[in-house]
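Notes for the one structure printed next.
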Amino acid sequence: MALIFNAKVALHERLKGSLPGDTQCTFADPGEPARRKAVWLGATTDDDLAPTAMRDGPRKPTTVTGYVEAHAVVISPGNPIDAERSVYELRDHITDACSLLDRATVPGLVDVRPESATVETSESPDGVFSALTLRVRVRGRVYQ
């Protein structure tokens, strides 16, 4: 469904305008060498298409539920607590972007909200790496 993709694009535009200046914001994974503090959007999944009503005519209302993965990474020398704290701050920015997204910009969009998060932190001789994967649920209604 284009609804999920269009919501992903709208979320990306919202994030570009709201993330701190030291954070790279890209639509896709920028690659390891290019990032120190970055947010990008990953996999898009159309999970559930459910007929909403039975009616005559060619266009039937359908409820769409899908998911977009938002990723954040912070790579810094030194303290793993600071790296993980920074990635949680980025999670808060993504959550805020979801709640402030103008639903009128995406026809049929009903709701965009974070559903679950995973944070992984590790240390190496090169520094500390903290990564976030935030699963964002997108719901809407389209007419097919």
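Going by the structure tokens order, chains are called A, B, ..., each with residues numbered from 1, while ligands are numbered from 1 in the order shown.
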
### Message
For the strand (DSSP E or B) assignment from backbone DSSP, which residues of chain A qualify? Please present them as a PyMOL selection string.
### Response
chain A and resi 24-26+37-51+61-76+109-124+127-143

Go through stretch 66-138 of chain A and flag each residue having an atom no more than 8 Å from stretch 18-25 of chain A; for those, report the closest pair of atoms plus their distance in Å to one decimal, using only C-alpha atoms, ordered by chain and rising number, as a Markdown table.
```
| residue | atom | partner | partner_atom | distance |
| --- | --- | --- | --- | --- |
| A:Leu90 | CA | A:Leu19 | CA | 7.7 |
| A:His93 | CA | A:Leu19 | CA | 6.5 |
| A:Ala97 | CA | A:Ser18 | CA | 7.4 |
```

Store the residues picked out above, limited to C-alpha atoms, as an mmCIF file, in the first residue's frame.
```
data_model
loop_
_atom_site.group_PDB
_atom_site.id
_atom_site.type_symbol
_atom_site.label_atom_id
_atom_site.label_comp_id
_atom_site.auth_asym_id
_atom_site.auth_seq_id
_atom_site.Cartn_x
_atom_site.Cartn_y
_atom_site.Cartn_z
ATOM 1 C CA LEU A 90 16.989 10.251 19.685
ATOM 2 C CA HIS A 93 12.748 12.806 19.066
ATOM 3 C CA ALA A 97 7.887 13.321 15.354
#
```

I'd like the neighbourhood of A:Ala83 as an mmCIF file with N, CA and C atoms, in the first residue's frame, where a residue qualifies if any of its atoms comes within 8 Å (using only C-alpha atoms), though same-chain residues fewer than 6 positions away should be ignored.
```
data_model
loop_
_atom_site.group_PDB
_atom_site.id
_atom_site.type_symbol
_atom_site.label_atom_id
_atom_site.label_comp_id
_atom_site.auth_asym_id
_atom_site.auth_seq_id
_atom_site.Cartn_x
_atom_site.Cartn_y
_atom_site.Cartn_z
ATOM 1 N N VAL A 74 24.490 5.919 17.750
ATOM 2 C CA VAL A 74 25.438 6.886 18.293
ATOM 3 C C VAL A 74 26.752 6.140 18.476
ATOM 4 N N ILE A 75 27.808 6.679 17.888
ATOM 5 C CA ILE A 75 29.149 6.117 18.047
ATOM 6 C C ILE A 75 30.004 7.202 18.681
ATOM 7 N N SER A 76 30.570 6.888 19.827
ATOM 8 C CA SER A 76 31.369 7.900 20.518
ATOM 9 C C SER A 76 32.512 7.236 21.269
ATOM 10 N N THR A 121 23.998 -1.856 23.010
ATOM 11 C CA THR A 121 25.197 -1.056 23.250
ATOM 12 C C THR A 121 26.384 -1.994 23.397
ATOM 13 N N VAL A 128 32.468 3.466 21.612
ATOM 14 C CA VAL A 128 31.218 2.878 22.080
ATOM 15 C C VAL A 128 30.171 3.004 20.985
ATOM 16 N N PHE A 129 29.413 1.947 20.794
ATOM 17 C CA PHE A 129 28.381 1.893 19.766
ATOM 18 C C PHE A 129 27.058 1.609 20.453
ATOM 19 N N SER A 130 26.071 2.489 20.270
ATOM 20 C CA SER A 130 24.734 2.259 20.794
ATOM 21 C C SER A 130 23.746 2.409 19.650
#
```

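Residue nearest A:Leu49, chosen from A:Val64, A:Ser124, A:Leu101, A:Asn79 and counting only C-alpha atoms: A:Val64.
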